[in-house]
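entry.txt follows; it contains compact mmCIF, C-alpha atoms.
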```
# COMPACT_ATOMS: atom_id res chain seq x y z
CA MET A 17 -35.50 83.71 165.14
CA THR A 18 -32.14 83.31 163.43
CA ILE A 19 -31.24 79.85 162.16
CA THR A 20 -27.51 79.25 162.42
CA ILE A 21 -26.05 76.89 159.85
CA GLY A 22 -22.73 75.25 160.62
CA VAL A 23 -20.34 75.12 157.68
CA HIS A 24 -16.95 73.54 157.07
CA SER A 25 -14.98 72.75 153.95
CA SER A 26 -15.47 68.97 154.12
CA ASN A 27 -19.18 69.19 153.32
CA PRO A 28 -19.51 70.47 149.74
CA SER A 29 -23.20 71.38 149.85
CA LEU A 30 -22.89 73.46 153.01
CA TYR A 31 -19.61 74.94 151.81
CA TYR A 32 -21.23 76.35 148.69
CA LEU A 33 -24.43 77.37 150.48
CA TYR A 34 -22.19 79.57 152.63
CA HIS A 35 -19.87 80.85 149.91
CA LEU A 36 -22.86 81.64 147.70
CA SER A 37 -24.72 83.43 150.50
CA ARG A 38 -24.77 86.53 148.29
CA LEU A 39 -27.28 84.61 146.14
CA GLY A 40 -29.55 84.26 149.15
CA PHE A 41 -30.62 80.63 148.84
CA ALA A 42 -31.08 80.05 152.58
CA ARG A 43 -32.33 83.56 153.23
CA GLU A 44 -35.00 83.31 150.53
CA GLU A 45 -36.20 79.90 151.69
CA LEU A 46 -36.45 80.94 155.35
CA ALA A 47 -37.94 84.42 154.85
CA PRO A 48 -41.54 83.24 154.24
CA LEU A 49 -41.34 81.48 157.61
CA GLY A 50 -40.32 84.69 159.34
CA GLU A 51 -36.80 83.41 159.99
CA SER A 52 -33.38 84.82 159.21
CA VAL A 53 -30.12 82.96 158.71
CA SER A 54 -26.52 83.17 159.87
CA PHE A 55 -23.53 80.94 159.23
CA HIS A 56 -21.01 79.57 161.71
CA PRO A 57 -17.80 78.42 160.00
CA TYR A 58 -15.67 75.85 161.82
CA THR A 59 -12.88 73.53 160.77
CA ASN A 60 -13.63 70.10 162.24
CA GLY A 61 -16.84 68.38 161.19
CA VAL A 62 -16.41 65.84 163.98
CA ARG A 63 -17.61 68.58 166.38
CA THR A 64 -20.98 69.00 164.66
CA GLY A 65 -22.97 67.00 167.22
CA GLU A 66 -21.42 68.93 170.09
CA LEU A 67 -22.10 72.29 168.41
CA LEU A 68 -25.75 71.32 167.85
CA THR A 69 -26.26 70.23 171.44
CA GLU A 70 -24.72 73.37 172.93
CA GLY A 71 -26.80 75.57 170.61
CA THR A 72 -23.90 77.11 168.70
CA ILE A 73 -25.47 75.89 165.45
CA ASP A 74 -28.97 74.73 164.55
CA PHE A 75 -28.17 72.69 161.46
CA GLY A 76 -25.07 70.97 160.14
CA GLY A 77 -23.69 68.31 157.90
CA THR A 78 -20.76 65.93 157.61
CA GLY A 79 -19.88 62.59 156.10
CA SER A 80 -21.17 59.29 157.44
CA THR A 81 -19.04 58.85 160.57
CA PRO A 82 -19.58 61.98 162.73
CA PRO A 83 -23.31 61.49 163.32
CA VAL A 84 -22.65 57.95 164.51
CA THR A 85 -19.95 59.07 166.94
CA ALA A 86 -22.20 61.95 168.03
CA GLN A 87 -25.01 59.53 168.86
CA ALA A 88 -22.55 57.37 170.78
CA ALA A 89 -21.52 60.47 172.75
CA GLY A 90 -25.14 61.04 173.76
CA HIS A 91 -26.11 63.83 171.38
CA ASP A 92 -29.81 63.60 170.44
CA LEU A 93 -29.60 64.38 166.76
CA VAL A 94 -32.01 63.82 163.89
CA TYR A 95 -31.05 63.05 160.30
CA THR A 96 -32.77 65.47 157.91
CA ALA A 97 -31.42 64.62 154.44
CA VAL A 98 -28.51 62.97 152.65
CA SER A 99 -26.70 63.41 149.39
CA ALA A 100 -26.83 60.83 146.67
CA PRO A 101 -23.93 58.35 146.86
CA ARG A 102 -20.50 59.78 145.97
CA PRO A 103 -18.70 56.81 144.35
CA GLU A 104 -15.69 58.76 143.06
CA HIS A 105 -15.17 61.02 146.08
CA GLY A 106 -12.19 59.18 147.55
CA ALA A 107 -9.89 56.19 147.46
CA LEU A 108 -7.39 54.32 149.60
CA LEU A 109 -4.13 54.72 147.70
CA VAL A 110 -0.88 52.72 147.68
CA PRO A 111 2.26 53.10 145.54
CA VAL A 112 2.05 51.37 142.17
CA ASP A 113 4.89 49.03 143.12
CA SER A 114 3.60 48.32 146.62
CA PRO A 115 3.42 44.68 147.74
CA VAL A 116 0.00 45.51 149.13
CA ARG A 117 -2.33 44.03 146.54
CA THR A 118 -5.45 43.44 148.66
CA VAL A 119 -6.90 44.91 151.84
CA ALA A 120 -5.73 41.81 153.72
CA ASP A 121 -2.14 42.84 152.91
CA LEU A 122 -2.57 45.93 155.10
CA LYS A 123 -2.28 43.81 158.25
CA GLY A 124 0.47 45.24 160.44
CA THR A 125 0.89 48.45 158.42
CA THR A 126 0.32 52.16 159.03
CA VAL A 127 -2.57 53.85 157.22
CA HIS A 128 -3.06 57.61 157.06
CA LEU A 129 -6.64 58.90 157.04
CA ALA A 130 -8.86 61.65 158.41
CA ILE A 131 -9.79 59.87 161.64
CA GLY A 132 -13.40 60.49 162.65
CA SER A 133 -14.50 61.39 159.13
CA TRP A 134 -16.19 59.20 156.51
CA GLN A 135 -12.70 57.85 155.86
CA THR A 136 -12.86 55.91 159.13
CA HIS A 137 -16.05 54.27 157.87
CA LEU A 138 -14.30 53.37 154.61
CA VAL A 139 -11.21 51.84 156.21
CA ALA A 140 -13.02 50.10 159.06
CA LYS A 141 -15.55 48.46 156.75
CA ALA A 142 -12.92 47.47 154.16
CA LEU A 143 -10.86 45.80 156.89
CA ASP A 144 -13.92 44.16 158.41
CA SER A 145 -14.89 42.70 155.04
CA ALA A 146 -11.39 41.23 154.79
CA GLY A 147 -11.62 39.70 158.26
CA LEU A 148 -9.35 42.30 159.83
CA SER A 149 -9.92 44.79 162.65
CA TYR A 150 -9.44 48.56 162.49
CA ALA A 151 -8.51 48.39 166.19
CA THR A 152 -5.81 45.74 166.11
CA ASP A 153 -4.66 44.92 162.59
CA ILE A 154 -3.47 48.32 161.35
CA ALA A 155 -2.04 51.48 162.88
CA PRO A 156 -4.50 54.23 161.84
CA VAL A 157 -2.78 57.63 161.93
CA ARG A 158 -4.39 61.00 161.35
CA GLY A 159 -3.39 62.26 157.93
CA THR A 160 -1.48 65.51 157.46
CA GLY A 161 -0.28 67.64 154.61
CA ASP A 162 2.69 65.28 154.39
CA SER A 163 0.65 62.10 153.94
CA GLU A 164 1.14 61.87 150.20
CA ARG A 165 4.89 62.45 150.52
CA LEU A 166 5.15 59.83 153.28
CA LEU A 167 3.23 57.35 151.16
CA ARG A 168 5.41 57.91 148.13
CA GLY A 169 8.50 57.58 150.30
CA GLY A 170 7.40 54.30 151.84
CA ALA A 171 6.93 55.59 155.41
CA VAL A 172 3.26 54.58 155.37
CA ALA A 173 1.54 51.76 153.52
CA ALA A 174 -1.65 53.48 152.43
CA TRP A 175 -3.40 56.84 152.48
CA VAL A 176 -7.05 57.83 151.99
CA ALA A 177 -7.25 60.76 149.59
CA GLN A 178 -10.37 62.64 148.60
CA GLY A 179 -11.52 65.41 146.31
CA PRO A 180 -8.77 67.54 144.78
CA GLN A 181 -6.04 65.64 146.70
CA LEU A 182 -7.15 62.45 144.99
CA ALA A 183 -7.36 64.14 141.59
CA ALA A 184 -3.86 65.59 142.01
CA ALA A 185 -2.35 62.32 143.25
CA LEU A 186 -3.75 60.31 140.35
CA ARG A 187 -2.77 62.98 137.85
CA THR A 188 0.82 62.96 139.13
CA GLY A 189 1.01 59.18 138.85
CA GLY A 190 2.93 56.64 140.87
CA LEU A 191 -0.02 55.75 143.07
CA ARG A 192 -2.94 53.39 142.50
CA PRO A 193 -6.27 52.87 144.25
CA LEU A 194 -6.31 49.80 146.46
CA VAL A 195 -9.92 50.51 147.40
CA ARG A 196 -12.25 52.98 145.75
CA THR A 197 -15.01 54.48 147.86
CA SER A 198 -17.68 52.83 145.74
CA ASP A 199 -16.16 49.40 146.45
CA VAL A 200 -17.07 49.67 150.14
CA ILE A 201 -19.49 52.46 151.14
CA THR A 202 -21.91 54.87 149.51
CA ASP A 203 -20.07 57.84 151.08
CA ARG A 204 -22.99 60.23 151.33
CA SER A 205 -23.01 63.72 152.74
CA VAL A 206 -25.28 63.63 155.78
CA PHE A 207 -27.32 66.52 157.22
CA PHE A 208 -28.72 66.63 160.75
CA THR A 209 -30.08 68.87 163.47
CA ARG A 210 -31.29 68.84 167.07
CA ARG A 211 -34.38 66.77 167.78
CA GLU A 212 -36.30 69.73 169.19
CA LEU A 213 -35.93 71.76 165.99
CA ALA A 214 -36.69 68.81 163.71
CA GLU A 215 -39.85 67.86 165.56
CA THR A 216 -41.29 71.30 166.37
CA ARG A 217 -40.32 73.20 163.21
CA PRO A 218 -40.18 70.70 160.33
CA GLU A 219 -40.96 73.52 157.92
CA ILE A 220 -37.55 75.04 158.73
CA ILE A 221 -35.85 71.75 157.91
CA ASP A 222 -37.73 71.58 154.61
CA ALA A 223 -36.64 75.13 153.78
CA LEU A 224 -33.00 74.37 154.55
CA THR A 225 -33.13 71.22 152.43
CA ARG A 226 -34.46 73.26 149.50
CA ALA A 227 -31.64 75.77 150.02
CA LEU A 228 -29.05 72.99 149.97
CA GLN A 229 -30.44 71.69 146.69
CA ARG A 230 -30.30 75.18 145.19
CA ALA A 231 -26.63 75.46 146.17
CA ASP A 232 -26.00 72.01 144.69
CA ASP A 233 -27.78 73.00 141.48
CA TRP A 234 -25.55 76.06 141.18
CA ALA A 235 -22.36 74.04 141.73
CA ALA A 236 -23.46 71.42 139.20
CA ALA A 237 -24.16 74.11 136.62
CA HIS A 238 -20.98 76.14 137.31
CA PRO A 239 -18.21 73.61 138.07
CA ARG A 240 -15.38 75.89 136.97
CA GLN A 241 -16.56 78.81 139.08
CA ALA A 242 -17.11 76.47 142.02
CA ALA A 243 -13.59 75.10 141.57
CA GLU A 244 -12.07 78.58 141.48
CA ILE A 245 -13.86 79.51 144.71
CA ALA A 246 -12.48 76.44 146.47
CA ALA A 247 -8.96 76.78 145.07
CA ALA A 248 -8.72 80.41 146.15
CA ASP A 249 -10.07 79.63 149.61
CA LEU A 250 -8.58 76.20 150.37
CA GLY A 251 -5.58 75.85 148.09
CA GLY A 252 -4.83 73.40 145.34
CA SER A 253 -5.35 73.91 141.65
CA ALA A 254 -8.66 74.90 140.10
CA ASP A 255 -8.21 72.07 137.58
CA ASP A 256 -7.99 69.44 140.33
CA TRP A 257 -10.92 70.97 142.17
CA GLU A 258 -12.97 70.94 138.98
CA THR A 259 -12.17 67.25 138.43
CA ALA A 260 -13.26 66.49 141.99
CA LEU A 261 -16.41 68.61 141.90
CA ARG A 262 -17.57 67.18 138.57
CA ALA A 263 -17.46 63.72 140.18
CA LEU A 264 -20.01 64.66 142.87
CA PRO A 265 -23.70 63.90 142.34
CA TRP A 266 -25.04 67.28 143.56
CA ARG A 267 -28.37 65.77 144.55
CA ILE A 268 -30.09 65.88 147.95
CA GLU A 269 -32.25 62.90 148.92
CA ALA A 270 -34.60 61.99 151.74
CA VAL A 271 -33.47 59.85 154.66
CA SER A 272 -34.31 56.27 153.70
CA ALA A 273 -34.35 52.87 155.35
CA GLU A 274 -31.41 51.97 153.11
CA PHE A 275 -29.37 54.88 154.44
CA LEU A 276 -30.22 54.06 158.06
CA ALA A 277 -29.11 50.48 157.44
CA GLU A 278 -25.80 51.76 156.04
CA GLN A 279 -25.31 53.84 159.16
CA GLN A 280 -26.25 50.94 161.41
CA GLU A 281 -23.68 48.71 159.76
CA ALA A 282 -21.03 51.39 160.36
CA ALA A 283 -22.13 51.82 163.98
CA ASP A 284 -21.92 48.08 164.61
CA ILE A 285 -18.41 47.90 163.17
CA PHE A 286 -17.29 50.96 165.14
CA HIS A 287 -18.56 49.47 168.39
CA ARG A 288 -17.05 46.08 167.70
CA VAL A 289 -13.58 47.59 167.21
CA GLY A 290 -13.90 50.06 170.07
CA PHE A 291 -14.05 53.23 167.96
CA ILE A 292 -17.26 54.11 169.81
CA GLY A 293 -17.82 53.13 173.42
CA ARG A 294 -21.41 51.97 173.30
CA PRO A 295 -23.91 50.53 170.81
CA VAL A 296 -25.87 52.96 168.65
CA THR A 297 -29.27 52.48 167.05
CA THR A 298 -29.26 54.76 164.04
CA SER A 299 -33.01 54.49 163.46
CA GLN A 300 -33.46 56.48 166.68
CA ALA A 301 -31.97 59.52 164.93
CA VAL A 302 -35.21 60.20 163.05
CA ALA A 303 -37.88 62.75 163.94
CA ARG A 304 -40.65 60.87 165.73
CA ALA A 305 -43.38 62.50 163.67
CA SER A 306 -41.81 61.18 160.47
CA ALA A 307 -40.27 57.91 161.62
CA GLN A 308 -43.09 55.91 160.06
CA LYS A 309 -42.44 57.63 156.71
CA VAL A 310 -38.89 56.29 156.32
CA SER A 311 -38.95 53.77 153.50
```
Output the file's structure as C-alpha cells, nothing else.
Amino acid sequence: MTITIGVHSSNPSLYYLYHLSRLGFAREELAPLGESVSFHPYTNGVRTGELLTEGTIDFGGTGSTPPVTAQAAGHDLVYTAVSAPRPEHGALLVPVDSPVRTVADLKGTTVHLAIGSWQTHLVAKALDSAGLSYATDIAPVRGTGDSERLLRGGAVAAWVAQGPQLAAALRTGGLRPLVRTSDVITDRSVFFTRRELAETRPEIIDALTRALQRADDWAAAHPRQAAEIAAADLGGSADDWETALRALPWRIEAVSAEFLAEQQEAADIFHRVGFIGRPVTTSQAVARASAQKVS
C-alpha cells in the first residue's frame, strides 16, 4: 500500500517533510510496516477534507479552520496530531497612523485575510470577543499579493499577515499589529486523516507523526537552510523566511481536550455568523478507539 501525503506551502511541517523527502523521514518510518509513501502537492489547504474523502490523499494538515469547515461539509475526518501553539506566526496589521486603535474600531471596514484559513478563526474570534460579528460588522475580503500595498494606501483598514510577509512588513515599518495571533488563538498546525485509516491502521498514523517530528527537528536545527528552500520555492527573502521560521515551535503534540475545546469554540463562532451552515461537534473528529484517551 502507498500512503499519499497531501502537502501545501501553508503547513510548515508537511512542507518540509516533502521538500526533505530525499532524507527519507516518511519512507523510513513507513517501511517497517510494509508501506511506501508518495506526496500530492496542492495549493489550497481548504480542500484537504475533500481530498481525503475522495481518496486523493490519505493524510493532510492545515491550520485550525479547514478541519472545522470540512466537518461542516460532511467529511468524516479524524484529528491525528497538532503542533504546539504558534504565538508569533501572524498578526492583524493596520497603518501606524490608523484611527483603528482597537478591534471594535474595525466596525464597517474592509479587512483582507486568507478566507477559510486559520486567519478566519483569528478575525472571527477577535471580533466576537469585541461584541462584533464577522458576518455583518466588517467586509472580509480574500487577501492578494496587493494586500500590503492596499493597506498602506488606505484602501483597506486591516490585513492579516503571516510568516515571511509579516516579517517583511514589520521590517519595512509603517504598520503596527492591532492583534497578534497569541492575543486571540493558539494558531496550531492541525493534522488529520480519514476515519477508516485512523481506526484500522493507527500504526500508520503513529509512523507519520514520527516523520513529521523528524522534519520539524531538521527545520529547527537548520533554520537558514530551511529559509533558503522556502525563498527559492515560494519567493521572498531568505532573511524574512528565517525570521518567520525561527518563530515557529517545531514541536508535534497529541490531540488534547484543550485543543478540541479550542476547535469547538471556533466552530460555534463560525456557525453563529453563518461561515458554516450547520453545527459541528469537534470531539466527534477523534478515532473511536482512542477517544477515551484524549485528556
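Within 8 Å of Ala183 of chain A, once all atoms listed in the file are used and residues closer than 5 positions along the same chain are dropped, the contacting residues are Gln178, Asp256, Trp257, Thr259 and Ala260 of chain A.
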Written file, previous selection with C-alpha atoms, as a compact mmCIF listing (two decimals), in the frame of the given file:
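Contents of selection32.txt, as written:
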```txt
# COMPACT_ATOMS: atom_id res chain seq x y z
CA GLN A 178 -10.37 62.64 148.60
CA ASP A 256 -7.99 69.44 140.33
CA TRP A 257 -10.92 70.97 142.17
CA THR A 259 -12.17 67.25 138.43
CA ALA A 260 -13.26 66.49 141.99
```
What's the 10 Å shell around Asp255 of chain A, counting only C-alpha atoms, without same-chain residues fewer than 4 positions away, as a PDB file with C-alpha atoms, in the coordinates of the input?
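As a result, part24.pdb now contains:
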```pdb
ATOM      1  CA  PRO A 180      -8.770  67.540 144.780  1.00  0.00           C
ATOM      2  CA  ALA A 183      -7.360  64.140 141.590  1.00  0.00           C
ATOM      3  CA  ALA A 184      -3.860  65.590 142.010  1.00  0.00           C
ATOM      4  CA  ARG A 240     -15.380  75.890 136.970  1.00  0.00           C
ATOM      5  CA  ALA A 243     -13.590  75.100 141.570  1.00  0.00           C
ATOM      6  CA  GLU A 244     -12.070  78.580 141.480  1.00  0.00           C
ATOM      7  CA  ALA A 247      -8.960  76.780 145.070  1.00  0.00           C
ATOM      8  CA  THR A 259     -12.170  67.250 138.430  1.00  0.00           C
ATOM      9  CA  ALA A 260     -13.260  66.490 141.990  1.00  0.00           C
ATOM     10  CA  LEU A 261     -16.410  68.610 141.900  1.00  0.00           C
TER      11      LEU A 261
END
```
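Atom CA of Ile19 of chain A is positioned 11.0 Å from atom CA of Ala223 of chain A.
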Residues within 9 Å of Pro82 of chain A, all atoms listed in the file, excluding chain neighbours under 5 positions, as a CSV table (one decimal) with C-alpha atoms, in the frame of the given file:
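So around.csv came out as:
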```
chain,number,residue,atom,x,y,z
A,61,GLY,CA,-16.8,68.4,161.2
A,62,VAL,CA,-16.4,65.8,164.0
A,63,ARG,CA,-17.6,68.6,166.4
A,64,THR,CA,-21.0,69.0,164.7
A,65,GLY,CA,-23.0,67.0,167.2
A,77,GLY,CA,-23.7,68.3,157.9
A,87,GLN,CA,-25.0,59.5,168.9
A,132,GLY,CA,-13.4,60.5,162.6
A,133,SER,CA,-14.5,61.4,159.1
A,134,TRP,CA,-16.2,59.2,156.5
```
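Every protein, DNA or RNA residue with an atom at most 8 Å from segment 54-56 of chain A, where all atoms listed in the file count and chain neighbours fewer than 3 positions away do not, is listed here: Thr18, Ile19, Thr20, Ile21, Gly22, Val23, Tyr34, Thr72 and Ile73 of chain A.
The coordinates place atom CA of Ala283 of chain A at 8.1 Å from atom CA of Thr85 of chain A.
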Subject >> Nearest to Pro218 of chain A by atom-to-atom distance, counting all atoms listed in the file, from A:Ser80, A:Thr96, A:Thr160, A:Ser299 >> reply: A:Thr96
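Compared by their closest atoms to Phe275 of chain A, and using all atoms listed in the file, the residues A:Val302, A:Ala177, A:Met17, A:Leu148 rank with A:Val302 nearest.
Atom pair atom CA of Ile245 of chain A / atom CA of His35 of chain A has a distance of 8.1 Å (rounded to one decimal).
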Could you write out as lines of an AutoDock Vina configuration file the box around segment 37-42 of chain A (axis-aligned, all atoms listed in the file, 6 Å on each side), with centre and edge lengths in Å to one decimal?
```
center_x = -27.9
center_y = 83.3
center_z = 149.4
size_x = 18.4
size_y = 18.5
size_z = 18.4
```
